[in-house]
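This is final24.txt (compact mmCIF, C-alpha atoms (C1' of nucleotides)).
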# COMPACT_ATOMS: atom_id res chain seq x y z
CA MET A 26 0.00 0.00 0.00
CA SER A 27 1.77 3.07 -1.25
CA ALA A 28 0.09 5.72 0.95
CA LEU A 29 1.82 4.07 3.88
CA ASP A 30 5.23 3.79 2.38
CA VAL A 31 4.81 7.47 1.78
CA LEU A 32 3.85 8.18 5.38
CA ALA A 33 6.85 6.27 6.68
CA ASP A 34 8.92 9.46 6.54
CA PRO A 35 8.51 11.81 9.53
CA THR A 36 8.87 14.96 7.43
CA ARG A 37 6.10 13.79 5.15
CA ARG A 38 3.89 13.02 8.12
CA ARG A 39 4.42 16.55 9.38
CA ILE A 40 3.55 17.94 5.97
CA VAL A 41 0.27 16.06 5.99
CA GLU A 42 -0.53 17.25 9.49
CA LEU A 43 0.26 20.77 8.40
CA LEU A 44 -2.29 20.43 5.62
CA ALA A 45 -4.96 19.36 8.09
CA GLY A 46 -5.65 23.07 8.38
CA GLY A 47 -6.39 23.32 4.67
CA GLU A 48 -4.69 24.01 1.38
CA LEU A 49 -1.21 25.55 1.35
CA ASN A 50 1.27 26.47 -1.36
CA ALA A 51 4.70 24.90 -1.68
CA THR A 52 6.69 27.84 -0.33
CA THR A 53 4.52 28.16 2.77
CA ILE A 54 4.89 24.48 3.47
CA ALA A 55 8.64 24.62 3.01
CA GLY A 56 8.75 27.55 5.42
CA HIS A 57 7.81 25.24 8.25
CA PHE A 58 10.88 23.08 7.81
CA SER A 59 14.58 23.58 8.21
CA SER A 60 15.32 21.53 5.08
CA SER A 61 15.81 23.26 1.77
CA ARG A 62 12.83 24.10 -0.40
CA PRO A 63 13.77 21.56 -3.07
CA ALA A 64 13.89 18.85 -0.42
CA ILE A 65 10.33 19.68 0.59
CA SER A 66 9.33 19.88 -3.04
CA GLN A 67 10.58 16.35 -3.49
CA HIS A 68 8.59 15.19 -0.48
CA LEU A 69 5.52 16.85 -1.93
CA GLY A 70 6.10 14.98 -5.16
CA VAL A 71 6.29 11.69 -3.29
CA LEU A 72 3.10 12.50 -1.41
CA VAL A 73 1.29 13.32 -4.64
CA ASP A 74 2.58 10.19 -6.35
CA GLY A 75 1.42 8.18 -3.35
CA GLY A 76 -2.04 9.69 -3.68
CA VAL A 77 -1.93 11.30 -0.25
CA LEU A 78 -2.02 14.84 -1.64
CA THR A 79 -3.46 16.54 -4.68
CA VAL A 80 -2.17 19.73 -6.31
CA ARG A 81 -3.80 22.49 -8.26
CA ARG A 82 -2.13 25.40 -9.95
CA VAL A 83 -3.33 28.90 -9.27
CA GLY A 84 -1.28 31.46 -11.08
CA THR A 85 2.32 30.87 -10.22
CA GLN A 86 1.50 28.88 -7.14
CA ARG A 87 0.89 25.18 -6.52
CA LEU A 88 -1.67 24.55 -3.83
CA TYR A 89 -1.43 21.24 -2.02
CA ARG A 90 -4.31 19.55 -0.35
CA ILE A 91 -4.93 16.27 1.46
CA ASP A 92 -6.82 13.59 -0.40
CA PRO A 93 -9.15 12.40 2.37
CA ALA A 94 -9.86 9.05 0.71
CA SER A 95 -6.26 7.94 0.62
CA LEU A 96 -5.64 9.10 4.16
CA ALA A 97 -8.68 7.19 5.36
CA GLU A 98 -7.32 4.18 3.55
CA ALA A 99 -4.00 4.58 5.35
CA SER A 100 -5.80 4.83 8.67
CA ASP A 101 -7.73 1.67 7.90
CA TRP A 102 -4.53 -0.10 6.96
CA LEU A 103 -2.95 0.87 10.25
CA SER A 104 -5.97 -0.43 12.13
CA ALA A 105 -5.78 -3.67 10.21
CA GLN A 106 -2.13 -4.05 11.11
CA ALA A 107 -2.87 -3.40 14.74
CA HIS A 108 -5.49 -6.15 14.63
CA ARG A 109 -3.09 -8.44 12.85
CA TRP A 110 -0.60 -8.28 15.69
CA GLU A 111 -3.40 -8.74 18.16
CA ARG A 112 -4.29 -11.94 16.36
CA VAL A 113 -0.65 -13.01 16.48
CA LEU A 114 -0.73 -12.43 20.23
CA ASP A 115 -3.91 -14.47 20.52
CA ALA A 116 -2.34 -17.30 18.56
CA LEU A 117 0.70 -17.12 20.79
CA GLU A 118 -1.44 -17.37 23.86
CA SER A 119 -3.19 -20.43 22.47
CA ALA A 120 0.14 -22.04 21.69
CA LEU A 121 1.30 -21.44 25.23
CA ASP A 122 -1.91 -22.90 26.63
CA GLU A 123 -1.41 -26.06 24.60
CA GLY A 124 2.19 -26.24 25.76
CA THR A 125 1.35 -25.98 29.42
CA GLY A 126 -1.97 -27.78 29.42
CA MET B 18 9.30 3.56 18.74
CA SER B 19 11.78 0.86 17.92
CA ALA B 20 9.47 -2.16 17.82
CA LEU B 21 7.88 -0.57 14.80
CA ASP B 22 11.00 0.32 12.94
CA VAL B 23 11.82 -3.30 13.44
CA LEU B 24 8.51 -4.48 12.02
CA ALA B 25 8.90 -2.29 8.97
CA ASP B 26 10.73 -5.07 7.17
CA PRO B 27 8.50 -7.73 5.56
CA THR B 28 10.88 -10.56 6.32
CA ARG B 29 10.92 -9.64 9.97
CA ARG B 30 7.15 -9.49 10.03
CA ARG B 31 7.03 -12.99 8.62
CA ILE B 32 9.46 -14.19 11.25
CA VAL B 33 7.25 -12.82 14.00
CA GLU B 34 4.18 -14.42 12.48
CA LEU B 35 6.08 -17.68 12.27
CA LEU B 36 6.77 -17.47 15.98
CA ALA B 37 3.08 -17.04 16.73
CA GLY B 38 3.05 -20.84 16.85
CA GLY B 39 5.64 -20.85 19.63
CA GLU B 40 9.36 -20.96 20.17
CA LEU B 41 11.67 -21.97 17.31
CA ASN B 42 15.41 -22.22 16.87
CA ALA B 43 17.38 -20.15 14.38
CA THR B 44 17.92 -22.87 11.79
CA THR B 45 14.25 -23.80 11.70
CA ILE B 46 13.28 -20.17 11.22
CA ALA B 47 15.86 -19.72 8.47
CA GLY B 48 14.47 -22.81 6.75
CA HIS B 49 11.26 -20.92 6.00
CA PHE B 50 13.07 -18.29 3.92
CA SER B 51 14.98 -18.28 0.68
CA SER B 52 17.57 -15.87 2.06
CA SER B 53 20.81 -17.19 3.53
CA ARG B 54 20.93 -18.26 7.15
CA PRO B 55 23.19 -15.37 8.17
CA ALA B 56 20.70 -12.92 6.69
CA ILE B 57 17.98 -14.38 8.89
CA SER B 58 20.35 -14.41 11.84
CA GLN B 59 20.84 -10.68 11.35
CA HIS B 60 17.10 -10.13 11.22
CA LEU B 61 16.75 -12.08 14.44
CA GLY B 62 19.36 -9.85 16.02
CA VAL B 63 17.44 -6.76 14.98
CA LEU B 64 14.23 -8.21 16.37
CA VAL B 65 15.90 -8.99 19.68
CA ASP B 66 17.52 -5.56 19.88
CA GLY B 67 14.13 -4.03 19.17
CA GLY B 68 12.63 -6.01 22.02
CA VAL B 69 10.20 -7.89 19.80
CA LEU B 70 11.82 -11.26 20.43
CA THR B 71 13.69 -12.86 23.30
CA VAL B 72 16.27 -15.65 23.03
CA ARG B 73 17.32 -18.43 25.32
CA ARG B 74 20.11 -20.87 24.78
CA VAL B 75 19.43 -24.57 25.11
CA GLY B 76 22.52 -26.59 24.41
CA THR B 77 23.82 -25.52 21.05
CA GLN B 78 20.54 -23.98 19.96
CA ARG B 79 19.08 -20.51 20.35
CA LEU B 80 15.36 -20.55 20.83
CA TYR B 81 13.51 -17.42 19.76
CA ARG B 82 10.23 -16.37 21.21
CA ILE B 83 7.90 -13.39 20.84
CA ASP B 84 7.87 -10.89 23.67
CA PRO B 85 4.11 -10.31 23.96
CA ALA B 86 4.51 -6.99 25.75
CA SER B 87 6.48 -5.33 22.97
CA LEU B 88 4.18 -6.71 20.32
CA ALA B 89 1.17 -5.39 22.19
CA GLU B 90 2.94 -2.07 22.37
CA ALA B 91 3.45 -2.12 18.61
CA SER B 92 -0.20 -2.92 18.09
CA ASP B 93 -1.18 -0.03 20.34
CA TRP B 94 1.14 2.29 18.44
CA LEU B 95 -0.48 1.29 15.16
CA SER B 96 -3.92 1.95 16.61
CA ALA B 97 -2.76 5.33 17.83
CA GLN B 98 -1.46 6.19 14.37
CA ALA B 99 -4.71 5.16 12.81
CA HIS B 100 -6.54 7.45 15.22
CA ARG B 101 -4.09 10.23 14.52
CA TRP B 102 -4.93 10.23 10.83
CA GLU B 103 -8.58 10.06 11.66
CA ARG B 104 -8.15 13.20 13.73
CA VAL B 105 -6.33 14.82 10.83
CA LEU B 106 -9.29 13.96 8.64
CA ASP B 107 -11.68 15.43 11.17
CA ALA B 108 -9.64 18.62 11.34
CA LEU B 109 -9.62 18.77 7.57
CA GLU B 110 -13.37 18.45 7.46
CA SER B 111 -13.75 21.28 9.97
CA ALA B 112 -11.43 23.46 7.92
CA LEU B 113 -13.48 22.80 4.81
CA ASP B 114 -16.70 23.61 6.65
CA GLU B 115 -15.29 26.95 7.75
CA GLY B 116 -14.13 27.62 4.22
CA THR B 117 -17.50 26.99 2.62
CA GLY B 118 -19.68 28.23 5.49
C1' DC C 29 9.81 43.00 -23.28
C1' DC C 30 12.24 42.37 -18.80
C1' DC C 31 12.44 40.94 -14.34
C1' DA C 32 11.06 38.93 -9.99
C1' DT C 33 8.52 35.22 -7.89
C1' DC C 34 7.14 30.52 -7.37
C1' DC C 35 8.37 26.09 -8.09
C1' DG C 36 10.03 21.52 -10.11
C1' DT C 37 14.10 18.88 -11.84
C1' DA C 38 18.95 17.30 -12.44
C1' DA C 39 23.16 15.78 -10.50
C1' DG C 40 25.99 14.49 -6.88
C1' DC C 41 26.72 12.82 -2.12
C1' DA C 42 26.42 10.42 2.34
C1' DA C 43 23.95 7.32 5.10
C1' DT C 44 21.26 3.25 5.69
C1' DC C 45 19.96 -1.40 4.77
C1' DA C 46 19.46 -6.04 3.41
C1' DC C 47 22.07 -9.44 1.27
C1' DT C 48 26.09 -12.61 0.44
C1' DT C 49 30.41 -15.24 1.46
C1' DA C 50 33.84 -16.44 4.70
C1' DC C 51 35.07 -17.17 9.25
C1' DA C 52 34.90 -18.11 14.35
C1' DC C 53 32.83 -19.68 18.35
C1' DT C 54 30.14 -22.87 21.52
C1' DC C 55 28.28 -27.10 22.91
C1' DA C 56 27.39 -32.16 22.79
C1' DC C 57 29.03 -36.49 21.92
C1' DT C 58 32.52 -39.96 21.46
C1' DA D 24 40.93 -34.05 22.37
C1' DG D 25 38.53 -34.30 18.02
C1' DT D 26 34.42 -33.71 15.27
C1' DG D 27 30.10 -31.97 13.70
C1' DA D 28 25.91 -29.38 14.37
C1' DG D 29 24.02 -24.90 15.45
C1' DT D 30 24.75 -20.15 15.19
C1' DG D 31 26.60 -15.29 15.50
C1' DT D 32 29.92 -11.91 13.37
C1' DA D 33 32.89 -9.50 9.95
C1' DA D 34 33.56 -7.49 5.57
C1' DG D 35 32.13 -6.18 1.19
C1' DT D 36 28.41 -4.92 -2.20
C1' DG D 37 24.34 -2.97 -4.56
C1' DA D 38 20.08 -0.56 -4.04
C1' DT D 39 17.49 2.91 -1.94
C1' DT D 40 16.76 7.35 0.10
C1' DG D 41 16.88 12.01 1.73
C1' DC D 42 19.62 16.06 1.39
C1' DT D 43 22.13 19.87 -0.98
C1' DT D 44 23.41 23.08 -4.77
C1' DA D 45 22.61 24.58 -9.34
C1' DC D 46 19.62 25.20 -12.94
C1' DG D 47 15.37 25.77 -15.90
C1' DG D 48 10.56 26.70 -16.83
C1' DA D 49 6.28 29.12 -16.07
C1' DT D 50 3.49 33.10 -14.56
C1' DG D 51 2.40 37.92 -13.63
C1' DG D 52 3.61 42.98 -13.04
C1' DG D 53 5.99 47.08 -14.60
Written form, structure tokens:
Amino acid sequence: MSALDVLADPTRRRIVELLAGGELNATTIAGHFSSSRPAISQHLGVLVDGGVLTVRRVGTQRLYRIDPASLAEASDWLSAQAHRWERVLDALESALDEGTG
Amino acid sequence: MSALDVLADPTRRRIVELLAGGELNATTIAGHFSSSRPAISQHLGVLVDGGVLTVRRVGTQRLYRIDPASLAEASDWLSAQAHRWERVLDALESALDEGTG
DNA sequence: CCCATCCGTAAGCAATCACTTACACTCACT
DNA sequence: AGTGAGTGTAAGTGATTGCTTACGGATGGG
């Protein structure tokens, strides 16, 4: 699932959280980070490729916005993973019961 | 959170799932993978360092076992992340409401 | 038309990571 | 003590990744 590979990077997670407040242009976003503007631009590209963000051009600016669907999908995936490990723990418990019983 | 960095690798996830059935020694674990035994040994080291697995020595063997506490912690972390993105989505929705209202 | 602003892309670099082969160590058994 | 099974460690390699600097393209105002 690519939205999650994309959200693996802490800087990218912060970008997404920043956009929780609404649309922002590239320069404004970059202003919140100590990295260079091109570095942030590259992160934005990864986020767009991963479907987490969408862009629209307004004049000379590029406005970035969260794609709620993909973020919801990421959230669901995380929940599913959490449940997966819970199941592993359940299985482990059963195995231990068999061992001791 | 290191248990999660550790579980980022697919091979390591498979190892943990393999150990859901109970304790196994290093050679048996390695037998389930196409990678070399040393490669798996290194993964096991990472898993132990990350607190996901524990080892005990029995004769010449090393028996690996899941540490339920750390795995539960990982599961909780995943849930928390899922909720975090849900909150981001909620915030986004509020921002859009303000924008259009 | 010229210039400043906004922004992506190209190229190069350093760090990280998973893998492989080769080697070394420990323990059990004889 | 010698041998073999079980296993970790060292060293080298190729791929990936995030960062930086330098550059180029597009848009809008004078």
May I have the residues within 9 Å of segment 35-38 of chain C as an NGL selection string, using only C-alpha atoms (C1' of nucleotides) and disregarding those fewer than 5 positions away in the same chain? (:A and (51-52 or 63 or 66-67 or 85-87)) or (:D and (45-49))
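Atom C1' of DT33 of chain C sits 22.7 Å away from atom CA of Ile40 of chain A.
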Neighbour list for segment 93-107 of chain B as a list of chain:residue names, cut-off 7 Å, all atoms listed in the file, skip fewer than 3 positions in-chain: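 That gives A:Glu42, A:Ala45, A:Pro93, A:Leu96, A:Ala97, A:Ser100, A:Asp101, A:Leu103, A:Ser104, A:Gln106, A:Ala107, B:Ala89, B:Glu90, B:Glu110, B:Ser111.
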Find the distance between atom CA of Leu44 of chain A and atom CA of Gly76 of chain A and write it in Å to one decimal.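 It comes out at 14.2 Å.
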Interface residues on chain B facing chain C, 8 Å, all atoms listed in the file, written as a compact mmCIF listing (two decimals) with C-alpha atoms, in the frame of the given file:
# COMPACT_ATOMS: atom_id res chain seq x y z
CA SER B 52 17.57 -15.87 2.06
CA SER B 53 20.81 -17.19 3.53
CA ALA B 56 20.70 -12.92 6.69
CA GLY B 76 22.52 -26.59 24.41
CA THR B 77 23.82 -25.52 21.05
Counting all atoms listed in the file, which residues from chain D have an atom at most 9 Å from any atom of chain B, and could you show them as a PDB file with C-alpha atoms (C1' of nucleotides), keeping the file's coordinate frame?
ATOM      1  C1'  DA D  28      25.910 -29.380  14.370  1.00  0.00           C
ATOM      2  C1'  DG D  29      24.020 -24.900  15.450  1.00  0.00           C
ATOM      3  C1'  DT D  30      24.750 -20.150  15.190  1.00  0.00           C
ATOM      4  C1'  DG D  31      26.600 -15.290  15.500  1.00  0.00           C
TER       5       DG D  31
END
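Coordinates place atom C1' of DT44 of chain D at a distance of 25.1 Å from atom CA of Tyr89 of chain A.
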What are the centre and edge lengths in Å, to one decimal, of the axis-aligned box around all listed atoms of segment 34-37 of chain A with 8 Å added on each side, as JSON?
{"center_x": 7.5, "center_y": 12.2, "center_z": 7.3, "size_x": 18.8, "size_y": 21.5, "size_z": 20.4}
